[in-house]
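entry15.txt follows (compact mmCIF, C-alpha atoms and all ligand atoms):
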# COMPACT_ATOMS: atom_id res chain seq x y z
CA MET A 1 168.30 -139.08 57.28
CA ASN A 2 169.34 -136.03 59.27
CA ASN A 3 168.90 -133.26 56.68
CA LYS A 4 169.44 -130.26 58.98
CA GLY A 5 172.83 -129.63 57.28
CA LEU A 6 170.96 -128.68 54.10
CA ARG A 7 169.51 -125.67 55.93
CA LYS A 8 173.00 -124.13 55.92
CA LEU A 9 172.91 -123.82 52.12
CA SER A 10 172.01 -120.22 51.39
CA TYR A 11 168.91 -119.75 49.27
CA GLY A 12 166.92 -116.63 48.54
CA VAL A 13 163.16 -116.33 48.33
CA TYR A 14 161.61 -115.39 45.00
CA ILE A 15 158.34 -115.12 43.09
CA ILE A 16 158.28 -116.95 39.77
CA ASN A 17 155.71 -115.22 37.55
CA THR A 18 154.37 -116.51 34.27
CA ILE A 19 151.38 -115.56 32.11
CA ASN A 20 148.45 -116.46 34.39
CA SER A 21 150.24 -117.73 37.42
CA GLY A 22 152.94 -117.13 39.98
CA CYS A 23 154.36 -118.80 43.06
CA ILE A 24 156.99 -118.37 45.76
CA VAL A 25 160.13 -120.49 45.33
CA ASN A 26 163.44 -120.85 47.11
CA THR A 27 165.02 -123.13 44.49
CA LEU A 28 166.04 -120.57 41.86
CA THR A 29 169.78 -120.81 41.24
CA GLN A 30 172.17 -119.19 38.77
CA VAL A 31 174.21 -121.98 37.12
CA THR A 32 176.19 -120.13 34.39
CA SER A 33 176.63 -116.45 33.49
CA ASP A 34 173.29 -116.36 31.68
CA LYS A 35 171.43 -119.52 32.81
CA VAL A 36 169.28 -120.29 35.86
CA ILE A 37 167.40 -123.35 37.08
CA VAL A 38 164.28 -123.61 39.22
CA ALA A 39 162.41 -126.63 40.63
CA ILE A 40 158.61 -126.38 40.47
CA ASN A 41 156.20 -128.95 41.90
CA LYS A 42 154.02 -130.56 39.21
CA ASP A 43 150.89 -129.87 41.31
CA ASN A 44 151.59 -126.13 41.26
CA TYR A 45 149.64 -124.33 38.53
CA THR A 46 152.80 -122.33 37.76
CA ASN A 47 154.43 -125.57 36.56
CA GLN A 48 151.71 -126.09 33.89
CA MET A 49 151.84 -122.45 32.83
CA ILE A 50 155.65 -122.43 32.42
CA LYS A 51 155.38 -125.66 30.37
CA THR A 52 152.82 -123.94 28.14
CA TYR A 53 154.39 -120.50 27.72
CA LYS A 54 158.10 -121.40 28.13
CA LYS A 55 158.72 -117.97 29.62
CA PHE A 56 158.77 -116.62 33.17
CA ASN A 57 160.28 -113.90 35.26
CA ALA A 58 161.63 -114.05 38.79
CA THR A 59 161.57 -111.24 41.35
CA VAL A 60 163.94 -111.31 44.32
CA LEU A 61 162.15 -110.60 47.61
CA THR A 62 163.62 -108.11 50.08
CA GLN A 63 163.37 -108.37 53.88
CA LYS A 64 160.74 -105.60 53.74
CA ILE A 65 158.28 -107.73 51.73
CA ASN A 66 154.68 -107.65 52.92
CA MET A 67 153.84 -111.11 54.37
CA GLU A 68 150.51 -110.96 52.48
CA VAL A 69 152.53 -111.37 49.27
CA ILE A 70 154.16 -114.56 50.65
CA GLN A 71 150.82 -115.82 51.95
CA THR A 72 149.13 -115.28 48.55
CA PHE A 73 151.92 -116.51 46.28
CA GLY A 74 153.23 -119.27 48.58
CA PHE A 75 150.10 -120.72 50.15
CA THR A 76 147.29 -120.30 47.59
CA SER A 77 146.99 -121.47 43.98
CA SER A 78 146.55 -119.41 40.82
CA LYS A 79 144.09 -122.18 39.85
CA ASP A 80 141.68 -120.76 42.44
CA ASN A 81 142.31 -117.01 42.40
CA ASP A 82 143.91 -114.26 40.34
CA LYS A 83 146.82 -113.40 42.63
CA TYR A 84 147.79 -110.35 40.57
CA LYS A 85 144.43 -108.63 41.17
CA LEU A 86 145.34 -108.22 44.84
CA PHE A 87 148.56 -106.23 44.26
CA GLN A 88 149.86 -103.43 42.09
CA THR A 89 151.77 -104.98 39.18
CA GLU A 90 153.98 -104.03 36.26
CA LYS A 91 154.57 -105.97 33.01
CA ASP A 92 157.99 -107.20 31.79
CA SER A 93 159.12 -107.22 28.13
CA ASN A 94 157.25 -110.53 27.56
CA ASN A 95 154.05 -109.02 29.02
CA ILE A 96 154.38 -111.16 32.15
CA PRO A 97 153.21 -109.41 35.34
CA TYR A 98 155.33 -108.87 38.46
CA ILE A 99 155.10 -107.04 41.75
CA LYS A 100 157.72 -104.29 41.91
CA GLU A 101 157.20 -103.06 45.48
CA LYS A 102 159.77 -104.34 48.06
CA MET A 103 161.57 -106.44 45.41
CA ALA A 104 165.34 -106.29 44.86
CA SER A 105 165.45 -107.26 41.18
CA LEU A 106 163.63 -108.63 38.16
CA ILE A 107 165.08 -111.50 36.10
CA GLU A 108 163.38 -112.31 32.77
CA CYS A 109 163.86 -115.87 31.48
CA GLU A 110 163.09 -118.18 28.56
CA VAL A 111 162.97 -121.94 29.14
CA ILE A 112 165.50 -123.89 27.07
CA ASN A 113 165.19 -127.34 28.67
CA GLU A 114 163.57 -129.24 31.51
CA ILE A 115 164.34 -132.26 33.68
CA ASP A 116 161.67 -134.53 35.13
CA LEU A 117 162.24 -135.09 38.86
CA ASP A 118 159.13 -137.22 39.53
CA THR A 119 157.28 -134.78 41.85
CA HIS A 120 158.95 -131.66 40.41
CA THR A 121 160.21 -130.29 37.10
CA ILE A 122 163.55 -128.54 36.94
CA PHE A 123 163.30 -125.79 34.35
CA ILE A 124 166.57 -124.65 32.80
CA ALA A 125 166.25 -121.13 31.45
CA LYS A 126 168.24 -118.48 29.63
CA VAL A 127 168.25 -115.04 31.21
CA ILE A 128 167.23 -112.46 28.63
CA ASN A 129 167.12 -109.34 30.82
CA THR A 130 167.53 -108.20 34.42
CA GLU A 131 166.69 -105.02 36.26
CA ILE A 132 167.58 -103.75 39.74
CA LEU A 133 164.39 -102.72 41.54
CA SER A 134 165.79 -101.63 44.93
CA ASP A 135 168.88 -101.73 47.14
CA GLU A 136 167.06 -103.13 50.20
CA GLU A 137 168.57 -106.25 51.84
CA VAL A 138 167.37 -109.43 50.12
CA MET A 139 165.32 -112.03 51.96
CA THR A 140 167.32 -115.23 52.44
CA TYR A 141 165.61 -118.52 53.21
CA ASP A 142 167.45 -118.53 56.55
CA TYR A 143 166.06 -115.04 57.39
CA TYR A 144 162.59 -116.22 56.34
CA HIS A 145 162.79 -119.07 58.87
CA LYS A 146 164.65 -117.34 61.70
CA VAL A 147 163.23 -113.81 61.66
CA LYS A 148 159.86 -114.25 60.02
CA LYS A 149 159.47 -117.64 61.79
CA ALA A 150 157.70 -118.81 58.68
CA VAL A 151 157.37 -122.25 57.13
CA THR A 152 157.48 -123.92 53.74
CA PRO A 153 154.32 -125.60 52.44
CA PRO A 154 154.23 -129.32 51.45
CA LYS A 155 154.58 -128.59 47.70
CA ALA A 156 157.95 -126.84 48.13
CA PRO A 157 160.94 -129.09 47.33
CA THR A 158 162.56 -128.26 50.69
CA TYR A 159 159.45 -129.03 52.77
CA GLU A 160 160.20 -130.81 56.05
CA LYS A 161 157.41 -132.50 57.97
CA PRO A 162 157.12 -130.80 61.38
CA LYS A 163 157.53 -133.14 64.32
CA LYS A 164 155.29 -131.48 66.92
CA GLY A 165 153.40 -128.22 66.81
CA TYR A 166 150.25 -126.33 65.89
CA ARG A 167 148.90 -125.67 62.36
CA CYS A 168 146.98 -122.54 61.35
CA LYS A 169 143.69 -123.77 59.88
CA ILE A 170 143.51 -120.72 57.59
CA CYS A 171 146.89 -120.63 55.81
CA GLY A 172 148.70 -123.80 56.91
CA TYR A 173 151.49 -122.05 58.82
CA VAL A 174 153.02 -124.41 61.41
CA TYR A 175 154.28 -123.29 64.81
CA GLU A 176 156.85 -125.84 65.99
CA GLY A 177 156.87 -126.40 69.74
CA GLU A 178 155.15 -128.09 72.66
CA THR A 179 152.90 -125.19 73.71
CA LEU A 180 151.36 -122.46 71.56
CA PRO A 181 151.47 -119.09 73.41
CA ILE A 182 147.91 -117.90 74.13
CA ASP A 183 148.58 -114.51 72.49
CA PHE A 184 150.25 -116.04 69.40
CA VAL A 185 149.32 -114.43 66.09
CA CYS A 186 149.96 -116.23 62.78
CA PRO A 187 152.89 -114.39 61.08
CA ILE A 188 151.49 -115.28 57.65
CA CYS A 189 147.76 -114.51 57.84
CA GLY A 190 147.30 -112.83 61.23
CA ALA A 191 144.92 -115.48 62.64
CA PRO A 192 144.77 -115.78 66.48
CA ALA A 193 145.96 -118.80 68.52
CA SER A 194 142.37 -120.13 68.74
CA VAL A 195 142.46 -120.94 65.00
CA PHE A 196 145.45 -123.29 65.40
CA GLU A 197 145.09 -127.08 65.66
CA LYS A 198 147.55 -129.40 67.37
CA ILE A 199 149.59 -131.74 65.16
CA GLU A 200 151.04 -134.85 66.76
C1 LIG B 1 159.26 -120.11 51.35
C2 LIG B 1 158.58 -120.93 50.28
C3 LIG B 1 159.35 -121.60 49.35
C4 LIG B 1 158.76 -122.35 48.33
N1 LIG B 1 159.54 -122.95 47.38
C5 LIG B 1 158.97 -123.61 46.35
C6 LIG B 1 159.78 -124.13 45.29
O1 LIG B 1 161.00 -123.96 45.26
N2 LIG B 1 159.15 -124.83 44.31
C7 LIG B 1 157.80 -125.03 44.29
O2 LIG B 1 157.29 -125.68 43.38
N3 LIG B 1 157.00 -124.52 45.27
C8 LIG B 1 157.56 -123.80 46.28
N4 LIG B 1 156.77 -123.26 47.26
C9 LIG B 1 155.33 -123.56 47.25
C10 LIG B 1 154.51 -122.75 46.24
O3 LIG B 1 154.81 -121.37 46.32
C11 LIG B 1 153.01 -122.97 46.54
O4 LIG B 1 152.68 -124.35 46.43
C12 LIG B 1 152.06 -122.10 45.71
O5 LIG B 1 150.80 -122.07 46.37
C13 LIG B 1 151.85 -122.62 44.27
O6 LIG B 1 150.99 -121.72 43.60
P1 LIG B 1 150.41 -122.01 42.12
O7 LIG B 1 149.49 -123.22 42.21
O8 LIG B 1 149.67 -120.75 41.78
O9 LIG B 1 151.58 -122.26 41.23
C14 LIG B 1 157.34 -122.46 48.27
C15 LIG B 1 156.55 -121.76 49.19
C16 LIG B 1 157.16 -121.00 50.19
C17 LIG B 1 156.29 -120.24 51.17
Here is the file; what I need is its structure written in the form of structure tokens.
Amino acid sequence: MNNKGLRKLSYGVYIINTINSGCIVNTLTQVTSDKVIVAINKDNYTNQMIKTYKKFNATVLTQKINMEVIQTFGFTSSKDNDKYKLFQTEKDSNNIPYIKEKMASLIECEVINEIDLDTHTIFIAKVINTEILSDEEVMTYDYYHKVKKAVTPPKAPTYEKPKKGYRCKICGYVYEGETLPIDFVCPICGAPASVFEKIE
């Protein structure tokens, strides 16, 4: 299937935070005036934690976001490290942490239902509170790909297998193209071109 048309749907980029875990998502969508849905891979620790606590918050990333935040929340697991120790955080009204810096808004949610999608769970949640955090331009998924030249890891629902390119052995970032420029620096973790391996 040619799925390039799906890239024209406009998504944002968000962090879903729950009690001990948080991850980057692009699948958060408002579906009614006070309800949102989000698809979380069952292998992501955040999925288990949302199932347990039934509460989460979402922060909307701005274009000014530090790429270290995306690298930590989008390419490493809360199973292995406490992501919140690395950044300054605040607590929402449910005592769930979130990063405030370079975020556009905070959306606090309570899960009311879920749908099993085989590899992912769609959580349906009621919005209980929101707060504007800044007026900076929000990061769209399109901007993330075009300007930040960044990729989506295999556990994201919108992951597309790259055809040809070079993978960063540190964070998994994939440069798509025939030749990797000698002075290329990984936009996610800052690793040099020598750390990249060719993928056929
Ligand atoms: C741009 C981007 C979009 C992503 N979208 C999703 C998503 O919608 N759902 C999801 O389950 N994972 C998504 N991911 C992958 C998770 O953020 C990633 O697997 C994370 O390491 C999971 O962390 P955890 O194990 O602490 O939950 C995305 C990652 C990136 C970088």
Got a sec: who's within 10 Å of range 60-76 of chain A, counting all atoms listed in the file, leaving out chain neighbours fewer than 5 positions off, as a ChimeraX atom specification?
-> /A:12-17,21-26,28,44,81-84,86-87,99-107,132-140,143-144,147-148,150-156,170-173,187-190
Skip range 110-121 of chain A itself and residues of its chain fewer than 5 positions away, then list as an MDAnalysis selection string all residues within 8 Å of it, counting only C-alpha atoms.
-> chainID A and resid 39:42 47 54:56 126:128 157
What are the centre and the three edge lengths of an axis-aligned box that wraps all atoms of ligand LIG 1 (chain B) in the file, given that 5 Å is added to every side, written as JSON and rounded to one decimal in Å?
{"center_x": 155.2, "center_y": -122.9, "center_z": 46.3, "size_x": 21.5, "size_y": 15.6, "size_z": 20.1}
Ligand LIG 1 (chain B) proximity check over A:Phe184, A:Tyr53, A:Tyr166, A:Phe123, using only C-alpha atoms and all ligand atoms: winner is A:Phe123
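Considering the residues A:Asn57, A:Asn20, A:Ser77, A:Gln30 and counting all atoms listed in the file, ligand LIG 1 (chain B) has its shortest atom-to-atom contact with A:Ser77.
Omitting Val195 in chain A and its sequence neighbours fewer than 5 positions away, and counting only C-alpha atoms, the residues within 9 Å are Arg167, Cys168, Lys169 and Ile170 of chain A.
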Which is closest to ligand LIG 1 (chain B) among A:Leu9, A:Met1, A:Ala125, A:Ile50, if we use only C-alpha atoms and all ligand atoms?
-> A:Ile50
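For the choices A:Cys109, A:Val31, A:Gly177, A:Ser10, the atom-to-atom distance to Thr59 in chain A is smallest for A:Cys109 when using only C-alpha atoms.
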Give me, please, the distance in Å between CA of Glu200 in chain A and CA of Lys164 in chain A, quoted to one decimal.
-> 5.4 Å
Of the listed residues A:Asn129, A:Thr46, A:Thr27, A:Thr179, that which approaches Ser78 in chain A most closely, counting all atoms listed in the file =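 Between A:Asn129, A:Thr46, A:Thr27, A:Thr179, the residue approaching Ser78 in chain A most closely is A:Thr46.
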What does the distance from atom O3 of ligand LIG 1 (chain B) to CA of Pro181 in chain A come to in Å, to one decimal?
-> 27.4 Å
Straight-line distance linking CA of Asn95 in chain A with atom C4 of ligand LIG 1 (chain B), stated in Å to one decimal |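 For CA of Asn95 in chain A relative to atom C4 of ligand LIG 1 (chain B), the distance reads 23.9 Å.
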Choose the residue, out of A:Lys198, A:Lys35, A:Lys8, A:Lys79, that has the smallest atom-to-atom separation from ligand LIG 1 (chain B); count only C-alpha atoms and all ligand atoms.
-> A:Lys79
